[in-house]
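Asker: This is the structure, below, for whatever I ask next.
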Amino acid sequence: MISRRNIRVKVMQTLYTLSSSEQLDASKPEIPDRILNEKLEHVLDIFTVAVLYSIKIAQYASTDAQNRSFKYLRSDEDLNVNTSIADNTFVRKIATNASFIEKVKAAKLDRFLDEEWVKKIYQQLIKTEQYLKYIGNNAPSPAEQKDIIRFIWEKQILENEGLVSYFNDELPGWEDDAELIGMLMQNFFNGSAKVNFMDLLSGEKRAYAHELLHAVLDKKDYCMELIEPKLKNWDKDRVALIDLLLLRMGVCELLYFPTIPTKVSINEYIDIAKQYSTPQSGQFVNGVLDNILKDLLKENKIKKTDRQNN
């Protein structure tokens, strides 16, 4: 579920961590690998928490019904709480997914679950037109059962400023990875509930992540030899660190990753620079990488295969 673009961002963040800390020795391969794995794993933690909130809000219907049943004086409404959303097929598939259960337990993700927020969002949900339409359908289709959980995530959770603020304060990494989590959740709803929550990366993509990281570290001197002449119109000391890291990553992809088209690499690093660096960074990265590519093509140093996947 994690794309190569997401991996590039995590590699960039790992390189930034290594470059910003005097205590970390990047010459020891196990240290960069550990940091990258931790960053990838943390994305998986936050994604799982997002899924956890979505299904817990749906399941709160059963809790609500039970709480109302304990009242001494019960109204007709108390006696007729609709709990169909709690028994939603999509919810049950997630809740019984062995890897989901294992992930929540192993990473102790329950600690991020605030029951008051679950209750508050549920109470907000049951007043919506979408929810009333859902419970009014005696036999919702699998797509409709999935869509009501997607509605919880997209409209009740993401659009609640208070809950998002709570995530920013209490869920480490939420703010930095919010866009990535949003994309993972979109892919999750567009796919199936049969997700391996213990590992969102295929072996191929995990290998790519570590190969890119070590290529950038191992080929630093050579990459800078190619980059520095292109900075003649720029003050090197004022070039953002992230920009330099992205340039080194881009050069490594051009040279050492034959299955990734040059156009894909350059476009990806332009987009990442725009998002994570300065307003001028996209144009800067584009200009430098494009000039380096022209030189490498003239010297016949670019070797790409027909397999062009991203």
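By convention here, the chains of the structure tokens are called A, B, ... in the order presented, each chain's residues are numbered starting at 1, and ligands are numbered starting at 1 in the order presented.
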Report as a tab-separated table the residues of stretch 34-145 of chain A within 7 Å of stretch 153-160 of chain A, each with its shortest atom pair and distance in Å (one decimal), using only C-alpha atoms, ordered by chain and increasing residue number.

Answerer:
```
residue	atom	partner	partner_atom	distance
A:Ser54	CA	A:Trp153	CA	5.7
A:Ile121	CA	A:Gln156	CA	6.5
A:Leu125	CA	A:Gln156	CA	6.7
```

Asker: Contacts of A:Glu211 at 12 Å or less, counting only C-alpha atoms, minus same-chain residues fewer than 3 places along, as a compact mmCIF listing (two decimals) with all heavy atoms, in the first residue's frame?

Answerer:
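Result saved to part00.txt:
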```txt
# COMPACT_ATOMS: atom_id res chain seq x y z
N ILE A 7 8.03 6.05 0.08
CA ILE A 7 9.33 5.53 0.49
C ILE A 7 10.40 6.60 0.34
O ILE A 7 11.26 6.77 1.21
CB ILE A 7 9.68 4.27 -0.32
CG1 ILE A 7 8.75 3.12 0.07
CG2 ILE A 7 11.15 3.88 -0.11
CD1 ILE A 7 8.88 1.90 -0.82
N ARG A 8 10.35 7.33 -0.77
CA ARG A 8 11.33 8.39 -0.98
C ARG A 8 11.28 9.41 0.16
O ARG A 8 12.32 9.89 0.63
CB ARG A 8 11.06 9.09 -2.32
CG ARG A 8 11.37 8.24 -3.55
CD ARG A 8 11.05 9.01 -4.83
NE ARG A 8 11.37 8.24 -6.02
CZ ARG A 8 10.49 7.59 -6.77
NH1 ARG A 8 9.20 7.59 -6.43
NH2 ARG A 8 10.87 6.92 -7.83
N VAL A 11 12.94 7.92 3.19
CA VAL A 11 14.39 7.89 3.01
C VAL A 11 14.95 9.30 3.23
O VAL A 11 15.97 9.49 3.90
CB VAL A 11 14.78 7.36 1.62
CG1 VAL A 11 16.27 7.57 1.36
CG2 VAL A 11 14.43 5.88 1.50
N PRO A 29 26.19 0.65 8.88
CA PRO A 29 24.96 0.39 8.11
C PRO A 29 23.74 0.11 8.97
O PRO A 29 22.61 0.46 8.58
CB PRO A 29 25.33 -0.85 7.27
CG PRO A 29 26.82 -0.83 7.20
CD PRO A 29 27.30 -0.24 8.48
N PRO A 32 21.58 3.61 9.93
CA PRO A 32 20.60 4.11 8.95
C PRO A 32 19.44 3.14 8.72
O PRO A 32 18.29 3.57 8.61
CB PRO A 32 21.44 4.28 7.67
CG PRO A 32 22.83 4.44 8.15
CD PRO A 32 22.94 3.58 9.36
N ASP A 33 19.75 1.85 8.67
CA ASP A 33 18.69 0.86 8.47
C ASP A 33 17.67 0.89 9.61
O ASP A 33 16.46 0.81 9.39
CB ASP A 33 19.29 -0.55 8.36
CG ASP A 33 19.96 -0.80 7.02
OD1 ASP A 33 19.61 -0.10 6.05
OD2 ASP A 33 20.83 -1.68 6.94
N LEU A 36 15.47 4.08 9.33
CA LEU A 36 14.50 3.96 8.24
C LEU A 36 13.39 2.99 8.61
O LEU A 36 12.21 3.27 8.37
CB LEU A 36 15.21 3.50 6.96
CG LEU A 36 14.31 3.25 5.74
CD1 LEU A 36 13.51 4.51 5.40
CD2 LEU A 36 15.15 2.81 4.55
N GLU A 204 9.98 -6.26 -2.34
CA GLU A 204 10.63 -5.46 -3.37
C GLU A 204 10.73 -4.00 -2.96
O GLU A 204 11.79 -3.37 -3.14
CB GLU A 204 9.82 -5.58 -4.68
CG GLU A 204 10.42 -4.77 -5.84
CD GLU A 204 9.57 -4.85 -7.09
OE1 GLU A 204 8.50 -5.49 -7.05
OE2 GLU A 204 9.97 -4.25 -8.11
N LYS A 205 9.66 -3.46 -2.40
CA LYS A 205 9.69 -2.04 -2.01
C LYS A 205 10.57 -1.81 -0.79
O LYS A 205 11.22 -0.78 -0.68
CB LYS A 205 8.26 -1.54 -1.77
CG LYS A 205 7.48 -1.34 -3.06
CD LYS A 205 6.11 -0.75 -2.81
CE LYS A 205 5.39 -0.48 -4.14
NZ LYS A 205 4.04 0.05 -3.93
N ARG A 206 10.59 -2.76 0.12
CA ARG A 206 11.47 -2.62 1.27
C ARG A 206 12.93 -2.64 0.83
O ARG A 206 13.76 -1.87 1.33
CB ARG A 206 11.20 -3.73 2.30
CG ARG A 206 11.95 -3.53 3.62
CD ARG A 206 11.51 -4.52 4.68
NE ARG A 206 10.14 -4.30 5.12
CZ ARG A 206 9.81 -3.39 6.04
NH1 ARG A 206 10.74 -2.63 6.60
NH2 ARG A 206 8.56 -3.24 6.41
N ALA A 207 13.23 -3.52 -0.13
CA ALA A 207 14.60 -3.58 -0.67
C ALA A 207 14.95 -2.26 -1.35
O ALA A 207 16.06 -1.74 -1.18
CB ALA A 207 14.72 -4.75 -1.64
N TYR A 208 14.00 -1.72 -2.12
CA TYR A 208 14.22 -0.43 -2.78
C TYR A 208 14.53 0.66 -1.76
O TYR A 208 15.45 1.47 -1.96
CB TYR A 208 12.99 -0.06 -3.60
CG TYR A 208 12.91 1.41 -3.97
CD1 TYR A 208 13.75 1.96 -4.92
CD2 TYR A 208 11.97 2.24 -3.35
CE1 TYR A 208 13.68 3.31 -5.25
CE2 TYR A 208 11.89 3.59 -3.67
CZ TYR A 208 12.75 4.11 -4.62
OH TYR A 208 12.69 5.45 -4.94
N HIS A 214 21.19 3.50 1.12
CA HIS A 214 22.63 3.22 1.14
C HIS A 214 23.34 3.75 -0.10
O HIS A 214 24.52 4.11 -0.02
CB HIS A 214 22.87 1.73 1.32
CG HIS A 214 22.59 1.25 2.72
ND1 HIS A 214 23.43 1.55 3.77
CD2 HIS A 214 21.54 0.57 3.25
CE1 HIS A 214 22.93 1.04 4.89
NE2 HIS A 214 21.78 0.44 4.60
N ALA A 215 22.65 3.82 -1.22
CA ALA A 215 23.26 4.42 -2.42
C ALA A 215 23.57 5.89 -2.16
O ALA A 215 24.66 6.37 -2.49
CB ALA A 215 22.32 4.27 -3.61
N VAL A 216 22.64 6.60 -1.54
CA VAL A 216 22.84 8.02 -1.25
C VAL A 216 23.99 8.23 -0.26
O VAL A 216 24.79 9.16 -0.40
CB VAL A 216 21.54 8.66 -0.71
CG1 VAL A 216 21.77 10.11 -0.32
CG2 VAL A 216 20.43 8.57 -1.76
N LEU A 217 24.08 7.34 0.72
CA LEU A 217 25.16 7.46 1.71
C LEU A 217 26.51 7.07 1.10
O LEU A 217 27.51 7.77 1.28
CB LEU A 217 24.86 6.57 2.92
CG LEU A 217 23.66 6.99 3.78
CD1 LEU A 217 23.36 5.92 4.82
CD2 LEU A 217 23.94 8.33 4.47
N ASP A 218 26.53 5.96 0.37
CA ASP A 218 27.79 5.45 -0.17
C ASP A 218 28.34 6.31 -1.31
O ASP A 218 29.55 6.40 -1.50
CB ASP A 218 27.61 4.01 -0.67
CG ASP A 218 27.26 3.04 0.46
OD1 ASP A 218 27.49 3.40 1.63
OD2 ASP A 218 26.75 1.94 0.16
N LYS A 219 27.46 6.91 -2.09
CA LYS A 219 27.88 7.67 -3.27
C LYS A 219 27.85 9.18 -3.03
O LYS A 219 27.81 9.95 -3.98
CB LYS A 219 26.97 7.33 -4.46
CG LYS A 219 26.90 5.85 -4.81
CD LYS A 219 28.25 5.32 -5.29
CE LYS A 219 28.14 3.85 -5.70
NZ LYS A 219 29.44 3.32 -6.18
N MET A 249 19.54 12.04 -3.78
CA MET A 249 18.65 10.91 -4.01
C MET A 249 18.29 10.81 -5.50
O MET A 249 18.28 9.73 -6.09
CB MET A 249 17.38 11.07 -3.18
CG MET A 249 17.59 10.91 -1.68
SD MET A 249 16.13 11.37 -0.69
CE MET A 249 14.98 10.08 -1.18
N CYS A 252 21.18 9.50 -7.57
CA CYS A 252 21.34 8.06 -7.36
C CYS A 252 20.30 7.27 -8.14
O CYS A 252 20.61 6.23 -8.72
CB CYS A 252 21.25 7.72 -5.87
SG CYS A 252 22.75 8.13 -4.95
N GLU A 253 19.08 7.76 -8.18
CA GLU A 253 18.05 7.05 -8.95
C GLU A 253 18.37 7.08 -10.44
O GLU A 253 18.15 6.11 -11.16
CB GLU A 253 16.67 7.64 -8.68
CG GLU A 253 16.04 7.09 -7.43
CD GLU A 253 14.52 7.30 -7.38
OE1 GLU A 253 13.90 7.55 -8.44
OE2 GLU A 253 13.96 7.19 -6.28
N TYR A 256 21.65 4.56 -10.62
CA TYR A 256 21.77 3.22 -10.04
C TYR A 256 20.46 2.43 -9.94
O TYR A 256 20.46 1.32 -9.41
CB TYR A 256 22.41 3.31 -8.65
CG TYR A 256 23.69 4.11 -8.63
CD1 TYR A 256 23.82 5.28 -7.89
CD2 TYR A 256 24.79 3.70 -9.40
CE1 TYR A 256 25.00 6.01 -7.88
CE2 TYR A 256 25.97 4.43 -9.41
CZ TYR A 256 26.07 5.59 -8.66
OH TYR A 256 27.23 6.32 -8.66
N PHE A 257 19.38 2.99 -10.47
CA PHE A 257 18.10 2.29 -10.43
C PHE A 257 17.55 2.17 -11.85
O PHE A 257 16.74 3.00 -12.28
CB PHE A 257 17.13 3.00 -9.48
CG PHE A 257 17.54 2.90 -8.04
CD1 PHE A 257 18.54 3.71 -7.52
CD2 PHE A 257 16.95 1.96 -7.21
CE1 PHE A 257 18.94 3.59 -6.19
CE2 PHE A 257 17.34 1.83 -5.88
CZ PHE A 257 18.34 2.65 -5.37
```

Asker: Neighbours of A:Gly182 within 10 Å (only C-alpha atoms; same-chain residues fewer than 2 positions away dropped), as number ranges by chain?

Answerer: A: 47, 50, 153-154, 158, 177-180, 184-188

Asker: Quick one: residues within 12 Å of A:Ile31, only C-alpha atoms, excluding same-chain residues fewer than 4 positions away - as a list of chain:residue names?

Answerer: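 Returned residues: A:Thr14, A:Leu15, A:Thr17, A:Leu18, A:Gln23, A:Leu24, A:Asp25, A:Ala26, A:Ser27, A:Ile35, A:Leu36, A:Asn37, A:Glu38, A:His210, A:Leu213, A:His214, A:Leu217.
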
Asker: What does the distance from atom CA of A:Phe112 to atom CA of A:Arg4 come to in Å, to one decimal?

Answerer: 28.1 Å

Asker: What are the closest atom pairs, with distances in Å to one decimal, for each residue of stretch 121-220 of chain A lying within 9 Å of stretch 92-110 of chain A, using only C-alpha atoms, rows by chain and rising residue number, as a Markdown table?

Answerer:
```
| residue | atom | partner | partner_atom | distance |
| --- | --- | --- | --- | --- |
| A:Ala193 | CA | A:Ile94 | CA | 5.8 |
| A:Lys194 | CA | A:Asn97 | CA | 7.2 |
| A:Val195 | CA | A:Ser99 | CA | 7.7 |
| A:Asn196 | CA | A:Ser99 | CA | 5.6 |
| A:Phe197 | CA | A:Ser99 | CA | 5.2 |
| A:Met198 | CA | A:Lys103 | CA | 5.8 |
| A:Asp199 | CA | A:Ser99 | CA | 8.9 |
```

Asker: Given the choices A:Glu30, A:Tyr276, A:Ile46, A:Phe90, which gets closest to A:Asn168 if the distance is worked out from only C-alpha atoms?

Answerer: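 Result for the nearest residue to A:Asn168: A:Ile46.
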
Asker: Please provide the set of residues having any atom within 8 Å of stretch 137-148 of chain A, restricted to only C-alpha atoms, with same-chain residues fewer than 3 positions apart removed, written as a list in words.

Answerer: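 Listing them by chain and then by number gives Ile85, Asn88, Thr89, Phe90, Gln130, Tyr131, Lys133, Tyr134, Phe151, Ile152 and Phe189 of chain A.
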
Asker: Mind the document's chain letters and residue numbers, and return as number ranges by chain the residues of stretch 204-266 of chain A that DSSP labels alpha helix (DSSP H).

Answerer: A: 204-218, 220-227, 241-256, 262-266
